[in-house]
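> This is start_13.tsv (TSV, C-alpha atoms).
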chain	number	residue	atom	x	y	z
A	1	MET	CA	-53.36	40.01	-13.73
A	2	GLU	CA	-52.93	43.71	-12.95
A	3	PRO	CA	-55.94	45.95	-13.88
A	4	GLU	CA	-53.82	47.76	-16.47
A	5	GLU	CA	-52.79	44.50	-18.12
A	6	LEU	CA	-56.37	43.30	-18.09
A	7	ALA	CA	-57.61	46.54	-19.63
A	8	LEU	CA	-54.98	46.32	-22.38
A	9	LYS	CA	-55.95	42.69	-23.04
A	10	VAL	CA	-59.65	43.64	-23.36
A	11	ILE	CA	-58.78	46.55	-25.68
A	12	LYS	CA	-56.61	44.28	-27.87
A	13	GLU	CA	-59.49	41.82	-28.13
A	14	HIS	CA	-61.42	44.52	-29.99
A	15	PRO	CA	-59.39	45.35	-33.11
A	16	GLU	CA	-62.02	47.92	-34.17
A	17	GLY	CA	-61.74	49.60	-30.74
A	18	ILE	CA	-63.87	49.57	-27.60
A	19	TYR	CA	-65.82	52.46	-26.04
A	20	GLN	CA	-64.52	53.50	-22.64
A	21	ASN	CA	-68.03	53.17	-21.13
A	22	GLN	CA	-68.10	49.59	-22.43
A	23	LEU	CA	-64.62	48.82	-21.09
A	24	TRP	CA	-65.39	49.49	-17.43
A	25	LYS	CA	-68.55	47.43	-17.66
A	26	GLU	CA	-66.63	44.51	-19.19
A	27	MET	CA	-63.95	44.78	-16.53
A	28	ASN	CA	-66.52	45.07	-13.77
A	29	ILE	CA	-64.96	48.21	-12.28
A	30	ASP	CA	-66.30	51.73	-11.82
A	31	SER	CA	-65.84	54.47	-14.42
A	32	ARG	CA	-63.44	56.53	-12.25
A	33	LYS	CA	-61.05	53.62	-11.81
A	34	CYS	CA	-61.32	52.83	-15.53
A	35	SER	CA	-60.48	56.42	-16.38
A	36	ARG	CA	-57.32	56.27	-14.22
A	37	ILE	CA	-56.23	53.01	-15.90
A	38	VAL	CA	-56.86	54.48	-19.36
A	39	SER	CA	-54.77	57.57	-18.48
A	40	LYS	CA	-51.87	55.34	-17.45
A	41	LEU	CA	-52.09	53.28	-20.66
A	42	LEU	CA	-52.23	56.48	-22.73
A	43	LYS	CA	-49.19	57.88	-20.93
A	44	LYS	CA	-47.25	54.70	-21.72
A	45	GLY	CA	-48.28	54.96	-25.37
A	46	LEU	CA	-49.91	51.53	-25.32
A	47	ILE	CA	-53.31	52.70	-26.53
A	48	ILE	CA	-54.80	55.48	-28.63
A	49	ARG	CA	-58.00	57.40	-27.79
A	50	GLU	CA	-60.55	59.09	-30.01
A	51	SER	CA	-63.61	61.11	-28.97
A	52	ALA	CA	-66.79	59.24	-29.82
A	53	THR	CA	-70.50	58.98	-29.06
A	54	SER	CA	-72.01	55.69	-27.94
A	55	LYS	CA	-75.79	55.39	-27.51
A	56	GLY	CA	-76.09	59.17	-27.30
A	57	SER	CA	-73.42	59.60	-24.58
A	58	ARG	CA	-70.06	61.19	-25.20
A	59	THR	CA	-67.23	58.78	-24.51
A	60	TYR	CA	-63.92	57.68	-25.99
A	61	LEU	CA	-63.09	54.94	-28.43
A	62	LEU	CA	-59.99	53.09	-27.23
A	63	LYS	CA	-57.71	51.13	-29.54
A	64	SER	CA	-54.44	49.29	-29.06
A	65	ALA	CA	-51.47	51.30	-30.34
A	66	GLU	CA	-49.90	48.08	-31.56
A	67	GLU	CA	-50.47	47.15	-35.21
A	68	PRO	CA	-52.47	43.92	-35.27
A	69	LYS	CA	-50.22	41.05	-36.36
A	70	PRO	CA	-51.40	39.12	-39.39
A	71	SER	CA	-52.75	35.73	-38.48
A	72	TYR	CA	-51.65	32.77	-40.53
A	73	GLU	CA	-54.16	30.31	-39.08
A	74	MET	CA	-55.79	30.07	-42.50
A	75	LEU	CA	-52.75	28.11	-43.68
A	76	LEU	CA	-54.05	25.28	-41.51
A	77	SER	CA	-56.85	23.02	-42.64
A	78	GLY	CA	-57.77	21.09	-39.51
A	79	SER	CA	-54.32	20.30	-38.15
A	80	MET	CA	-52.76	20.05	-41.61
A	81	PHE	CA	-50.46	22.88	-42.69
A	82	SER	CA	-50.40	24.05	-46.31
A	83	PRO	CA	-48.77	21.19	-48.27
A	84	CYS	CA	-47.22	23.77	-50.62
A	85	ALA	CA	-44.77	24.74	-47.86
A	86	GLY	CA	-41.43	23.07	-48.50
A	87	CYS	CA	-42.88	21.10	-51.42
A	88	ARG	CA	-40.23	19.92	-53.89
A	89	LEU	CA	-42.53	18.15	-56.32
A	90	ALA	CA	-43.41	19.49	-59.76
A	91	CYS	CA	-46.24	21.91	-58.96
A	92	GLU	CA	-49.59	20.81	-60.39
A	93	PRO	CA	-52.27	22.31	-58.13
A	94	GLU	CA	-55.00	20.84	-60.38
A	95	PHE	CA	-53.99	17.25	-59.64
A	96	CYS	CA	-51.85	17.49	-56.48
A	97	GLU	CA	-52.97	14.78	-54.05
A	98	TYR	CA	-51.56	16.64	-51.04
A	99	LEU	CA	-53.46	19.79	-51.91
A	100	THR	CA	-56.57	17.63	-52.44
A	101	GLU	CA	-56.12	16.17	-48.95
A	102	TRP	CA	-55.81	19.70	-47.53
A	103	ILE	CA	-58.99	20.79	-49.37
A	104	VAL	CA	-60.91	17.71	-48.14
A	105	LYS	CA	-59.98	18.69	-44.60
A	106	LEU	CA	-61.60	22.10	-45.19
A	107	ASP	CA	-64.87	20.24	-45.59
A	108	GLU	CA	-64.30	18.29	-42.36
A	109	GLU	CA	-63.43	21.57	-40.60
A	110	ASP	CA	-66.65	23.10	-41.91
A	111	GLU	CA	-68.71	20.14	-40.66
A	112	THR	CA	-67.01	20.27	-37.25
A	113	SER	CA	-67.69	23.98	-36.87
A	114	GLN	CA	-71.31	23.43	-37.91
A	115	SER	CA	-71.83	20.65	-35.38
A	116	GLU	CA	-70.14	22.79	-32.70
A	117	ALA	CA	-72.52	25.62	-33.55
A	118	GLN	CA	-75.45	23.23	-33.18
A	119	CYS	CA	-74.15	22.12	-29.76
B	1	MET	CA	-39.55	35.26	-29.24
B	2	VAL	CA	-41.21	32.59	-31.38
B	3	ASP	CA	-43.72	30.37	-29.61
B	4	LEU	CA	-43.05	26.78	-30.68
B	5	ASN	CA	-46.38	25.74	-29.17
B	6	ASP	CA	-48.28	27.97	-31.59
B	7	PRO	CA	-50.16	25.54	-33.89
B	8	VAL	CA	-49.27	27.55	-37.00
B	9	ILE	CA	-45.54	27.75	-36.23
B	10	ARG	CA	-45.52	24.10	-35.21
B	11	GLY	CA	-47.45	23.03	-38.29
B	12	TYR	CA	-45.12	24.98	-40.56
B	13	LEU	CA	-41.91	23.62	-39.06
B	14	LYS	CA	-43.29	20.09	-39.04
B	15	GLN	CA	-44.23	20.44	-42.69
B	16	LEU	CA	-40.69	21.58	-43.51
B	17	VAL	CA	-38.58	19.25	-41.40
B	18	GLY	CA	-40.86	16.49	-40.09
B	19	ASP	CA	-41.36	15.21	-36.55
B	20	GLU	CA	-37.70	14.46	-35.86
B	21	GLY	CA	-36.65	17.85	-37.24
B	22	LEU	CA	-39.17	19.54	-34.98
B	23	LYS	CA	-37.82	17.57	-32.02
B	24	MET	CA	-34.34	18.84	-32.93
B	25	ILE	CA	-35.56	22.45	-33.06
B	26	GLU	CA	-37.32	22.15	-29.71
B	27	ASN	CA	-34.22	20.78	-28.00
B	28	MET	CA	-31.61	22.77	-29.88
B	29	PRO	CA	-28.80	23.98	-27.58
B	30	GLU	CA	-28.34	27.72	-27.13
B	31	GLY	CA	-25.73	29.62	-29.16
B	32	GLU	CA	-23.49	28.37	-31.95
B	33	VAL	CA	-23.06	24.62	-32.05
B	34	THR	CA	-21.79	21.93	-34.39
B	35	ASP	CA	-24.10	19.36	-35.98
B	36	GLU	CA	-22.50	16.60	-33.85
B	37	LYS	CA	-23.23	18.55	-30.67
B	38	ILE	CA	-26.87	19.06	-31.78
B	39	ALA	CA	-27.26	15.31	-32.43
B	40	GLU	CA	-25.75	14.52	-29.05
B	41	GLU	CA	-27.90	17.01	-27.11
B	42	THR	CA	-31.19	16.42	-28.90
B	43	GLY	CA	-30.97	12.64	-29.40
B	44	VAL	CA	-31.79	13.05	-33.10
B	45	LEU	CA	-29.74	11.03	-35.61
B	46	LEU	CA	-26.83	12.95	-37.15
B	47	ASN	CA	-28.04	12.46	-40.74
B	48	ILE	CA	-31.47	13.85	-39.80
B	49	VAL	CA	-29.82	16.77	-37.98
B	50	ARG	CA	-27.82	17.57	-41.12
B	51	ARG	CA	-30.88	17.28	-43.35
B	52	THR	CA	-32.89	19.51	-40.99
B	53	LEU	CA	-30.12	22.12	-40.84
B	54	PHE	CA	-29.85	22.08	-44.62
B	55	ILE	CA	-33.60	22.76	-45.00
B	56	LEU	CA	-33.68	25.40	-42.25
B	57	ASN	CA	-30.68	27.11	-43.86
B	58	GLU	CA	-32.49	27.17	-47.19
B	59	TYR	CA	-35.44	28.88	-45.48
B	60	LYS	CA	-33.11	31.24	-43.55
B	61	LEU	CA	-34.24	29.91	-40.17
B	62	VAL	CA	-30.71	29.08	-39.01
B	63	VAL	CA	-27.47	31.01	-39.18
B	64	CYS	CA	-24.33	29.18	-40.25
B	65	ARG	CA	-20.73	30.24	-39.68
B	66	ARG	CA	-17.56	28.49	-40.92
B	67	GLU	CA	-14.44	28.33	-38.82
B	68	ARG	CA	-11.08	27.02	-40.05
B	69	ASP	CA	-8.80	25.17	-37.67
B	70	THR	CA	-5.40	26.85	-38.14
B	71	SER	CA	-3.36	23.72	-37.44
B	72	SER	CA	-5.31	21.07	-39.37
B	73	GLY	CA	-6.93	23.39	-41.96
B	74	TRP	CA	-10.27	21.64	-41.36
B	75	LEU	CA	-13.48	23.61	-41.55
B	76	THR	CA	-16.01	23.51	-38.72
B	77	TYR	CA	-19.59	24.56	-39.38
B	78	LEU	CA	-21.33	26.26	-36.47
B	79	TRP	CA	-25.09	26.57	-36.40
B	80	ARG	CA	-27.48	28.82	-34.50
B	81	LEU	CA	-31.25	28.66	-34.62
B	82	ASP	CA	-32.78	31.98	-35.72
B	83	LEU	CA	-36.55	31.88	-36.17
B	84	SER	CA	-36.90	35.68	-36.24
B	85	GLY	CA	-37.70	35.62	-39.97
B	86	ILE	CA	-40.50	33.08	-39.68
B	87	GLU	CA	-43.26	35.69	-40.15
B	88	ASN	CA	-41.79	36.60	-43.55
B	89	ARG	CA	-41.69	32.94	-44.48
B	90	LEU	CA	-45.34	32.48	-43.47
B	91	GLU	CA	-46.28	35.46	-45.62
B	92	LYS	CA	-44.55	33.79	-48.60
B	93	GLU	CA	-46.41	30.54	-47.86
B	94	ARG	CA	-49.70	32.45	-47.74
B	95	LYS	CA	-49.06	33.94	-51.17
B	96	LYS	CA	-47.98	30.59	-52.61
B	97	LEU	CA	-51.10	28.85	-51.26
B	98	ILE	CA	-53.37	31.60	-52.64
B	99	GLN	CA	-51.79	31.21	-56.07
B	100	ASN	CA	-52.19	27.41	-56.05
B	101	LEU	CA	-55.74	27.50	-54.69
B	102	GLU	CA	-56.75	30.01	-57.37
B	103	GLN	CA	-55.38	27.67	-60.02
B	104	ARG	CA	-57.22	24.74	-58.45
B	105	LEU	CA	-60.46	26.72	-58.18
B	106	GLU	CA	-60.33	27.58	-61.87
B	107	PHE	CA	-59.80	23.90	-62.70
B	108	GLU	CA	-62.69	22.75	-60.46
B	109	GLU	CA	-65.03	25.40	-61.87
B	110	GLY	CA	-64.11	24.85	-65.49
B	111	ASN	CA	-64.46	21.07	-65.67
B	112	VAL	CA	-66.98	18.29	-65.24
B	113	PHE	CA	-65.81	15.30	-63.25
B	114	PHE	CA	-66.83	11.69	-63.02
B	115	GLU	CA	-65.87	9.39	-60.18
B	116	CYS	CA	-65.92	5.71	-59.39
B	117	PRO	CA	-68.51	4.93	-56.67
B	118	GLU	CA	-65.95	2.52	-55.18
B	119	GLY	CA	-63.54	5.44	-54.68
B	120	CYS	CA	-60.93	4.19	-57.18
B	121	LEU	CA	-60.43	7.47	-59.04
B	122	ARG	CA	-61.83	10.69	-60.40
B	123	LEU	CA	-61.75	11.50	-64.10
B	124	LEU	CA	-62.36	14.48	-66.31
B	125	PHE	CA	-65.39	14.24	-68.59
B	126	SER	CA	-63.16	13.68	-71.67
B	127	GLU	CA	-61.25	10.89	-69.90
B	128	ALA	CA	-64.49	9.26	-68.71
B	129	THR	CA	-65.72	9.29	-72.32
B	130	ASN	CA	-62.60	7.42	-73.40
B	131	TYR	CA	-63.37	4.72	-70.84
B	132	HIS	CA	-67.07	4.59	-71.88
B	133	PHE	CA	-67.98	5.80	-68.37
B	134	LEU	CA	-66.67	2.61	-66.77
B	135	CYS	CA	-64.02	2.63	-64.07
B	136	PRO	CA	-60.76	1.47	-65.72
B	137	LEU	CA	-59.71	-0.13	-62.42
B	138	CYS	CA	-62.79	-2.00	-61.17
B	139	GLY	CA	-65.26	-1.79	-64.06
B	140	GLU	CA	-68.02	-0.04	-62.06
B	141	ASP	CA	-70.23	2.57	-63.79
B	142	LEU	CA	-68.78	6.04	-63.27
B	143	VAL	CA	-71.06	8.66	-61.73
B	144	ALA	CA	-71.05	12.44	-62.16
B	145	GLN	CA	-69.35	14.18	-59.24
B	146	ASP	CA	-70.91	17.22	-57.63
B	147	ASN	CA	-67.94	19.39	-56.69
B	148	SER	CA	-69.97	22.48	-55.73
B	149	LYS	CA	-69.12	22.07	-52.00
B	150	THR	CA	-65.41	21.81	-52.84
B	151	ILE	CA	-65.64	24.97	-54.94
B	152	GLU	CA	-67.46	26.76	-52.14
B	153	ASN	CA	-64.85	25.67	-49.58
B	154	ILE	CA	-61.91	26.75	-51.74
B	155	ARG	CA	-63.52	30.10	-52.50
B	156	SER	CA	-64.33	30.78	-48.87
B	157	ARG	CA	-60.81	29.88	-47.73
B	158	LEU	CA	-59.27	31.99	-50.49
B	159	ASN	CA	-61.26	35.01	-49.26
B	160	LYS	CA	-60.03	34.45	-45.71
B	161	LEU	CA	-56.43	33.94	-46.85
B	162	LYS	CA	-56.52	37.18	-48.85
B	163	LYS	CA	-57.78	39.09	-45.83
B	164	CYS	CA	-55.29	37.75	-43.28
B	165	GLY	CA	-52.09	39.13	-44.82
Please rewrite the model in this file as structure tokens.


Amino acid sequence: MEPEELALKVIKEHPEGIYQNQLWKEMNIDSRKCSRIVSKLLKKGLIIRESATSKGSRTYLLKSAEEPKPSYEMLLSGSMFSPCAGCRLACEPEFCEYLTEWIVKLDEEDETSQSEAQC
Amino acid sequence: MVDLNDPVIRGYLKQLVGDEGLKMIENMPEGEVTDEKIAEETGVLLNIVRRTLFILNEYKLVVCRRERDTSSGWLTYLWRLDLSGIENRLEKERKKLIQNLEQRLEFEEGNVFFECPEGCLRLLFSEATNYHFLCPLCGEDLVAQDNSKTIENIRSRLNKLKKCG
């Protein structure tokens, strides 16, 4: 991966933005090289830059210029997609067995994430 | 370009058209094609291809064009896969799920449930009273169900769903 691509990837991973003095540390490059990469990304309009102060030092806060895409992962419970999609049955969310199955899987998902956290 | 390996996209399409429908989508020939050609190229049965196309058309995920043969007067239907609107569909599904989960949450919070320890069924308090707190299927004593974890799970997922749009 080219340094510019890598920098853009790191910046996108921080939707709230990343300080420039944090970026070069994460990328394991020196600040001068980072500054050159940032200039190129700015010129291409791929990122936006705001003046900021981090731990008392003046730096820049870098953000991706791209609007973050909404994530629809929450429609999945485990590997089961929302049963309401494409459903042709009379809608009774109170008693729907498919919705119940989806809700039960939320519990399994919760237990899995808890056990993973313990690991 | 829509990534068919994305678990959300995959899950959604599978929910709409099933495993065979998903297989059809994955192997769909490029450009405009007839249903017979799709069946031939994808190895999916023609009736399933037609059912899948019908559903995808309803959800605006395929484009259909009619062509009339000038000599015979017969109509040919040509189909092209167009998943560009899938994000809009997912947004609609998100809203629909939020609405149904809110309704379910209200029901879970506003009622007391009893269940059969053998797992036969779950009843509302009023229904359990009618059966004298005995399972109508196996005769076991019904026990009060603690649905606080279910409520917590639904509430937590609702919060996440509301944030992700």

> Could you tell me how far atom CA of Ile11 of chain A lies from atom CA of Ser64 of chain A, in Å and to one decimal?

6.1 Å

> Which chain A residues have any atom within 9 Å of an atom of chain B, and for each, what is the nearest pair of atoms with distance in Å to one decimal, counting all atoms listed in the file, rows sorted by chain and number, as a Markdown table?


| residue | atom | partner | partner_atom | distance |
| --- | --- | --- | --- | --- |
| A:Lys69 | CA | B:Gly165 | CA | 8.9 |
| A:Pro70 | CA | B:Gly165 | CA | 5.5 |
| A:Ser71 | CA | B:Cys164 | CA | 5.8 |
| A:Tyr72 | CA | B:Val8 | CA | 6.7 |
| A:Glu73 | CA | B:Val8 | CA | 6.0 |
| A:Met74 | CA | B:Leu161 | CA | 5.9 |
| A:Leu75 | CA | B:Arg94 | CA | 6.7 |
| A:Leu76 | CA | B:Val8 | CA | 7.0 |
| A:Ser79 | CA | B:Gly11 | CA | 7.4 |
| A:Met80 | CA | B:Gly11 | CA | 6.9 |
| A:Phe81 | CA | B:Gly11 | CA | 5.3 |
| A:Ser82 | CA | B:Leu97 | CA | 6.9 |
| A:Pro83 | CA | B:Gln15 | CA | 7.2 |
| A:Cys84 | CA | B:Leu97 | CA | 6.4 |
| A:Ala85 | CA | B:Glu93 | CA | 6.0 |
| A:Gly86 | CA | B:Leu16 | CA | 5.3 |
| A:Cys87 | CA | B:Leu16 | CA | 8.2 |
| A:Cys91 | CA | B:Asn100 | CA | 8.6 |
| A:Glu92 | CA | B:Asn100 | CA | 8.3 |
| A:Pro93 | CA | B:Asn100 | CA | 5.5 |
| A:Glu94 | CA | B:Arg104 | CA | 4.9 |
| A:Phe95 | CA | B:Arg104 | CA | 8.2 |
| A:Leu99 | CA | B:Leu101 | CA | 8.5 |
| A:Ile103 | CA | B:Ile154 | CA | 7.0 |
| A:Val104 | CA | B:Thr150 | CA | 7.7 |
| A:Leu106 | CA | B:Asn153 | CA | 6.5 |
| A:Asp107 | CA | B:Asn153 | CA | 6.7 |
| A:Asp110 | CA | B:Asn153 | CA | 8.3 |

> Which of these, B:Cys120, B:Val112, B:Met24, B:Leu137, has the shortest distance to Arg51 of chain B once you count all atoms listed in the file?

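Of B:Cys120, B:Val112, B:Met24, B:Leu137, the one nearest Arg51 of chain B, counting all atoms listed in the file, is B:Met24.
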
> Quick one: distance from atom CA of Ala65 of chain A to atom CA of Leu83 of chain B in Å, one decimal?

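Going from atom CA of Ala65 of chain A over to atom CA of Leu83 of chain B, I get 25.2 Å.
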
> In Å to one decimal, how far is atom CA of Arg50 of chain B from atom CA of Asp35 of chain B?

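Separation of atom CA of Asp35 of chain B and atom CA of Arg50 of chain B: 6.6 Å.
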
> Excluding same-chain residues fewer than 6 positions from Lys60 of chain B, what lies within 10 Å of it counting only C-alpha atoms, as a list of chain:residue names?

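Skipping anything fewer than 6 positions along the chain leaves B:Leu53, B:Phe54, B:Leu81, B:Asp82, B:Leu83, B:Ser84, B:Gly85, B:Ile86, B:Arg89.
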
> Measuring atom to atom with all atoms listed in the file, identify which of B:Glu30, B:Thr42, B:Phe114, B:Gly119 is nearest to His132 of chain B.

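Distance minimum relative to His132 of chain B lands on B:Phe114.
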
> Which residues come within 10 Å of segment 16-26 of chain A, counting only C-alpha atoms, excluding same-chain residues fewer than 4 positions away, as an mmCIF file with C-alpha atoms, in the coordinates of the input?


data_model
loop_
_atom_site.group_PDB
_atom_site.id
_atom_site.type_symbol
_atom_site.label_atom_id
_atom_site.label_comp_id
_atom_site.auth_asym_id
_atom_site.auth_seq_id
_atom_site.Cartn_x
_atom_site.Cartn_y
_atom_site.Cartn_z
ATOM 1 C CA ALA A 7 -57.610 46.540 -19.630
ATOM 2 C CA VAL A 10 -59.650 43.640 -23.360
ATOM 3 C CA ILE A 11 -58.780 46.550 -25.680
ATOM 4 C CA LYS A 12 -56.610 44.280 -27.870
ATOM 5 C CA ASP A 30 -66.300 51.730 -11.820
ATOM 6 C CA SER A 31 -65.840 54.470 -14.420
ATOM 7 C CA ARG A 32 -63.440 56.530 -12.250
ATOM 8 C CA LYS A 33 -61.050 53.620 -11.810
ATOM 9 C CA CYS A 34 -61.320 52.830 -15.530
ATOM 10 C CA SER A 35 -60.480 56.420 -16.380
ATOM 11 C CA ILE A 37 -56.230 53.010 -15.900
ATOM 12 C CA VAL A 38 -56.860 54.480 -19.360
ATOM 13 C CA ILE A 47 -53.310 52.700 -26.530
ATOM 14 C CA ILE A 48 -54.800 55.480 -28.630
ATOM 15 C CA ARG A 49 -58.000 57.400 -27.790
ATOM 16 C CA GLU A 50 -60.550 59.090 -30.010
ATOM 17 C CA SER A 51 -63.610 61.110 -28.970
ATOM 18 C CA ALA A 52 -66.790 59.240 -29.820
ATOM 19 C CA THR A 53 -70.500 58.980 -29.060
ATOM 20 C CA SER A 54 -72.010 55.690 -27.940
ATOM 21 C CA SER A 57 -73.420 59.600 -24.580
ATOM 22 C CA ARG A 58 -70.060 61.190 -25.200
ATOM 23 C CA THR A 59 -67.230 58.780 -24.510
ATOM 24 C CA TYR A 60 -63.920 57.680 -25.990
ATOM 25 C CA LEU A 61 -63.090 54.940 -28.430
ATOM 26 C CA LEU A 62 -59.990 53.090 -27.230
ATOM 27 C CA LYS A 63 -57.710 51.130 -29.540
ATOM 28 C CA SER A 64 -54.440 49.290 -29.060
#

> Go through A:Ala90, A:Met27, A:Cys96, A:Leu42 and flag the residue nearest Lys9 of chain A, using only C-alpha atoms for the distances.

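Among A:Ala90, A:Met27, A:Cys96, A:Leu42, it is A:Met27 that comes nearest to Lys9 of chain A.
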
> Using the structure block above, produce a file of segment 51-115 of chain A that contains C-alpha atoms, as a PDB file, in the first residue's frame.


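Everything below was put into selection_24.pdb:
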ATOM      1  CA  SER A  51      -5.892  23.839  13.392  1.00  0.00           C
ATOM      2  CA  ALA A  52      -5.892  22.185  16.794  1.00  0.00           C
ATOM      3  CA  THR A  53      -3.919  21.747  20.006  1.00  0.00           C
ATOM      4  CA  SER A  54      -3.020  18.291  21.258  1.00  0.00           C
ATOM      5  CA  LYS A  55      -1.322  17.887  24.652  1.00  0.00           C
ATOM      6  CA  GLY A  56      -0.255  21.532  24.572  1.00  0.00           C
ATOM      7  CA  SER A  57       1.342  21.380  21.094  1.00  0.00           C
ATOM      8  CA  ARG A  58      -0.112  23.077  18.061  1.00  0.00           C
ATOM      9  CA  THR A  59      -1.000  20.585  15.355  1.00  0.00           C
ATOM     10  CA  TYR A  60      -3.759  19.850  12.873  1.00  0.00           C
ATOM     11  CA  LEU A  61      -6.841  17.702  13.164  1.00  0.00           C
ATOM     12  CA  LEU A  62      -7.237  15.652   9.990  1.00  0.00           C
ATOM     13  CA  LYS A  63     -10.563  14.246   8.818  1.00  0.00           C
ATOM     14  CA  SER A  64     -11.674  12.366   5.739  1.00  0.00           C
ATOM     15  CA  ALA A  65     -13.512  14.619   3.274  1.00  0.00           C
ATOM     16  CA  GLU A  66     -15.844  11.743   2.474  1.00  0.00           C
ATOM     17  CA  GLU A  67     -19.140  11.620   4.366  1.00  0.00           C
ATOM     18  CA  PRO A  68     -19.128   8.465   6.491  1.00  0.00           C
ATOM     19  CA  LYS A  69     -21.513   5.911   4.992  1.00  0.00           C
ATOM     20  CA  PRO A  70     -24.245   4.674   7.301  1.00  0.00           C
ATOM     21  CA  SER A  71     -23.610   1.164   8.484  1.00  0.00           C
ATOM     22  CA  TYR A  72     -26.477  -1.282   8.408  1.00  0.00           C
ATOM     23  CA  GLU A  73     -24.751  -4.011  10.416  1.00  0.00           C
ATOM     24  CA  MET A  74     -27.315  -3.511  13.165  1.00  0.00           C
ATOM     25  CA  LEU A  75     -29.894  -5.163  10.895  1.00  0.00           C
ATOM     26  CA  LEU A  76     -28.023  -8.393  11.544  1.00  0.00           C
ATOM     27  CA  SER A  77     -28.491 -10.370  14.717  1.00  0.00           C
ATOM     28  CA  GLY A  78     -25.705 -12.933  14.614  1.00  0.00           C
ATOM     29  CA  SER A  79     -25.875 -13.981  10.978  1.00  0.00           C
ATOM     30  CA  MET A  80     -29.640 -13.480  10.762  1.00  0.00           C
ATOM     31  CA  PHE A  81     -30.879 -10.471   8.795  1.00  0.00           C
ATOM     32  CA  SER A  82     -33.957  -8.541   9.926  1.00  0.00           C
ATOM     33  CA  PRO A  83     -36.910 -10.903   9.313  1.00  0.00           C
ATOM     34  CA  CYS A  84     -39.087  -7.879   8.506  1.00  0.00           C
ATOM     35  CA  ALA A  85     -37.264  -7.515   5.173  1.00  0.00           C
ATOM     36  CA  GLY A  86     -39.387  -8.984   2.408  1.00  0.00           C
ATOM     37  CA  CYS A  87     -41.922 -10.288   4.934  1.00  0.00           C
ATOM     38  CA  ARG A  88     -45.367 -10.899   3.426  1.00  0.00           C
ATOM     39  CA  LEU A  89     -47.102 -12.112   6.564  1.00  0.00           C
ATOM     40  CA  ALA A  90     -49.651 -10.070   8.501  1.00  0.00           C
ATOM     41  CA  CYS A  91     -47.406  -7.889  10.679  1.00  0.00           C
ATOM     42  CA  GLU A  92     -47.722  -8.669  14.391  1.00  0.00           C
ATOM     43  CA  PRO A  93     -44.393  -7.705  15.978  1.00  0.00           C
ATOM     44  CA  GLU A  94     -45.750  -8.669  19.424  1.00  0.00           C
ATOM     45  CA  PHE A  95     -46.172 -12.329  18.484  1.00  0.00           C
ATOM     46  CA  CYS A  96     -44.023 -12.761  15.356  1.00  0.00           C
ATOM     47  CA  GLU A  97     -41.950 -15.939  15.747  1.00  0.00           C
ATOM     48  CA  TYR A  98     -39.343 -14.773  13.222  1.00  0.00           C
ATOM     49  CA  LEU A  99     -38.812 -11.508  15.078  1.00  0.00           C
ATOM     50  CA  THR A 100     -38.609 -13.521  18.322  1.00  0.00           C
ATOM     51  CA  GLU A 101     -35.888 -15.698  16.777  1.00  0.00           C
ATOM     52  CA  TRP A 102     -33.993 -12.551  15.726  1.00  0.00           C
ATOM     53  CA  ILE A 103     -34.300 -11.113  19.264  1.00  0.00           C
ATOM     54  CA  VAL A 104     -33.116 -14.388  20.842  1.00  0.00           C
ATOM     55  CA  LYS A 105     -30.025 -14.195  18.651  1.00  0.00           C
ATOM     56  CA  LEU A 106     -29.291 -10.742  20.121  1.00  0.00           C
ATOM     57  CA  ASP A 107     -28.844 -12.485  23.448  1.00  0.00           C
ATOM     58  CA  GLU A 108     -26.509 -15.086  21.919  1.00  0.00           C
ATOM     59  CA  GLU A 109     -24.558 -12.261  20.246  1.00  0.00           C
ATOM     60  CA  ASP A 110     -24.277 -10.500  23.594  1.00  0.00           C
ATOM     61  CA  GLU A 111     -22.998 -13.671  25.294  1.00  0.00           C
ATOM     62  CA  THR A 112     -20.480 -14.271  22.488  1.00  0.00           C
ATOM     63  CA  SER A 113     -19.133 -10.728  22.721  1.00  0.00           C
ATOM     64  CA  GLN A 114     -18.885 -11.058  26.507  1.00  0.00           C
ATOM     65  CA  SER A 115     -16.962 -14.325  26.300  1.00  0.00           C
TER      66      SER A 115
END
